[in-house]
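Quick notes on the structure that follows.
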Amino acid sequence: MATFVLIHGAWEASWAWKWVTPLLREAGHEVYTPSLTGLGERAHLLNRSVGLETHIQDVLGVIKWSELENITLVGHSYGGMVITGAADRAPEQIGSLIYVDAFMPENGQAVFDLIADERAAGMRKGAEENGEGWYMPPLPAGAWHVADPDHAAFLDKLSTHQPLACMTDPISHSGKHLTVAKKAYILAS
């Protein structure tokens, strides 16, 4: 069976995979769902220095300290930035790389380079007005077009602040992540 490492998106944490992990485990797979530094149950670690590089190191730490090999590394949304960086530094540990409605950055790009200018401006404004200039309060579930009321309440209840640096930090990669044999992109509509 496969070993999955599932990386959540912005404002989320390991709880984002709540409905996926039981299905994978029931099928016999090993599943890791780390919460990135400063988010979810690790919200107490949120500080000005947390950014994209911190999150890449979080994933590399899971791979190293859990002694994982031939993993299926999955990233959702912002998690695509994180898995790109991690896979670029440890391509020999990655068997499959899967982007789920995720960013696929070129070297030197930041999230704000990949989204509409007005959306980036809105996030910056949110950080300035309600996040001391360095973090962004969670967006309401409605901003993500979550229609199911129970899912919206779940998202609104558990979402945490997101460091602005995660959106402004450019990724640095050599392209080694492209050597991963199996790659897929899943577009959720």
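Please note that chains go A, B, ... in the order of the structure tokens, that every chain numbers its residues from 1, and that ligands are numbered from 1 in the order shown.
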Within region 86-170 of chain A, find each residue whose DSSP state, derived from the backbone, is strand (DSSP E), and express the selection as a ChimeraX atom specification. /A:94-100,135-136,162-163
All residues 12 Å or closer to Lys64 (chain A), only C-alpha atoms, same chain fewer than 6 positions away omitted, as a PyMOL selection string: chain A and resi 57-58+71+86+89-90+92-94
Given the selection you just returned, output its residues as a file containing N, CA, C and O atoms, formatted as a PDB file, in the first residue's frame.
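Generated output (selection-v1.pdb):
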```pdb
ATOM      1  N   GLN A  57      10.152  23.252   5.443  1.00  0.00           N
ATOM      2  CA  GLN A  57      10.938  22.525   6.446  1.00  0.00           C
ATOM      3  C   GLN A  57      10.053  21.608   7.293  1.00  0.00           C
ATOM      4  O   GLN A  57      10.481  20.521   7.693  1.00  0.00           O
ATOM      5  N   ASP A  58       8.809  22.026   7.578  1.00  0.00           N
ATOM      6  CA  ASP A  58       7.872  21.159   8.299  1.00  0.00           C
ATOM      7  C   ASP A  58       7.697  19.829   7.569  1.00  0.00           C
ATOM      8  O   ASP A  58       7.752  18.753   8.175  1.00  0.00           O
ATOM      9  N   ILE A  71       6.903   8.139  -1.099  1.00  0.00           N
ATOM     10  CA  ILE A  71       5.631   8.676  -0.637  1.00  0.00           C
ATOM     11  C   ILE A  71       4.840   9.326  -1.757  1.00  0.00           C
ATOM     12  O   ILE A  71       5.386   9.720  -2.779  1.00  0.00           O
ATOM     13  N   ALA A  86       9.334  21.078  -1.020  1.00  0.00           N
ATOM     14  CA  ALA A  86       9.778  19.853  -0.357  1.00  0.00           C
ATOM     15  C   ALA A  86      10.227  18.803  -1.380  1.00  0.00           C
ATOM     16  O   ALA A  86      11.275  18.172  -1.211  1.00  0.00           O
ATOM     17  N   ARG A  89      13.626  19.377  -2.873  1.00  0.00           N
ATOM     18  CA  ARG A  89      14.774  19.090  -2.005  1.00  0.00           C
ATOM     19  C   ARG A  89      14.913  17.618  -1.662  1.00  0.00           C
ATOM     20  O   ARG A  89      15.974  17.202  -1.219  1.00  0.00           O
ATOM     21  N   ALA A  90      13.852  16.859  -1.821  1.00  0.00           N
ATOM     22  CA  ALA A  90      13.908  15.432  -1.489  1.00  0.00           C
ATOM     23  C   ALA A  90      13.211  14.595  -2.559  1.00  0.00           C
ATOM     24  O   ALA A  90      12.365  13.757  -2.234  1.00  0.00           O
ATOM     25  N   GLU A  92      14.085  12.091  -4.201  1.00  0.00           N
ATOM     26  CA  GLU A  92      14.319  10.648  -4.099  1.00  0.00           C
ATOM     27  C   GLU A  92      13.357   9.970  -3.117  1.00  0.00           C
ATOM     28  O   GLU A  92      13.171   8.760  -3.184  1.00  0.00           O
ATOM     29  N   GLN A  93      12.714  10.742  -2.227  1.00  0.00           N
ATOM     30  CA  GLN A  93      11.743  10.171  -1.292  1.00  0.00           C
ATOM     31  C   GLN A  93      10.315  10.202  -1.844  1.00  0.00           C
ATOM     32  O   GLN A  93       9.417   9.631  -1.254  1.00  0.00           O
ATOM     33  N   ILE A  94      10.119  10.873  -2.959  1.00  0.00           N
ATOM     34  CA  ILE A  94       8.769  11.077  -3.486  1.00  0.00           C
ATOM     35  C   ILE A  94       8.509  10.122  -4.647  1.00  0.00           C
ATOM     36  O   ILE A  94       9.220  10.129  -5.637  1.00  0.00           O
TER      37      ILE A  94
END
```
Please indicate the distance in Å from CA of Phe4 (chain A) to CA of His76 (chain A), rounded to one decimal place.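 Value for the CA of Phe4 (chain A)-CA of His76 (chain A) distance: 13.2 Å.
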So that each row is one residue of region 58-97 of chain A with an atom at most 8 Å from region 164-176 of chain A, can you give its shortest atom pair and the distance in Å to one decimal, using only C-alpha atoms, rows by chain and rising number, as CSV?
```
residue,atom,partner,partner_atom,distance
A:Met81,CA,A:Ile171,CA,7.3
A:Thr84,CA,A:His173,CA,7.9
A:Gly85,CA,A:His173,CA,6.3
A:Ala87,CA,A:Lys176,CA,7.4
A:Asp88,CA,A:Lys176,CA,4.7
A:Arg89,CA,A:Lys176,CA,7.2
A:Pro91,CA,A:Lys176,CA,6.5
```
Go ahead and dump the residues you just picked, N, CA and C atoms, as a short mmCIF file (atom, residue, chain, number, x, y, z; two decimals), in the first residue's frame.
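New file result-v3.cif:
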```cif
data_model
loop_
_atom_site.label_atom_id
_atom_site.label_comp_id
_atom_site.auth_asym_id
_atom_site.auth_seq_id
_atom_site.Cartn_x
_atom_site.Cartn_y
_atom_site.Cartn_z
N MET A 81 2.52 25.12 -3.08
CA MET A 81 3.79 25.83 -2.93
C MET A 81 4.73 25.00 -2.04
N THR A 84 5.93 21.65 -3.63
CA THR A 84 6.92 21.91 -4.68
C THR A 84 8.29 22.08 -4.05
N GLY A 85 8.37 22.88 -3.00
CA GLY A 85 9.65 23.10 -2.33
C GLY A 85 10.20 21.84 -1.69
N ALA A 87 9.45 18.64 -2.43
CA ALA A 87 9.79 17.64 -3.45
C ALA A 87 11.07 18.02 -4.20
N ASP A 88 11.32 19.32 -4.34
CA ASP A 88 12.53 19.77 -5.01
C ASP A 88 13.77 19.41 -4.20
N ARG A 89 13.63 19.38 -2.87
CA ARG A 89 14.77 19.09 -2.01
C ARG A 89 14.91 17.62 -1.66
N PRO A 91 13.55 14.79 -3.84
CA PRO A 91 12.82 14.06 -4.89
C PRO A 91 12.98 12.55 -4.79
#
```
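Residues lying within 8 Å of region 9-15 of chain A, counting only C-alpha atoms and ignoring same-chain neighbours fewer than 3 positions away, are Lys18, Thr33, Pro34, Ser35, Leu36, Leu39, Gly40, Glu41, Gly75, His76, Ser77, Tyr78, Gly79, Pro138, Leu139, Leu158, Ser159, Thr160, His161 and Gln162 of chain A.
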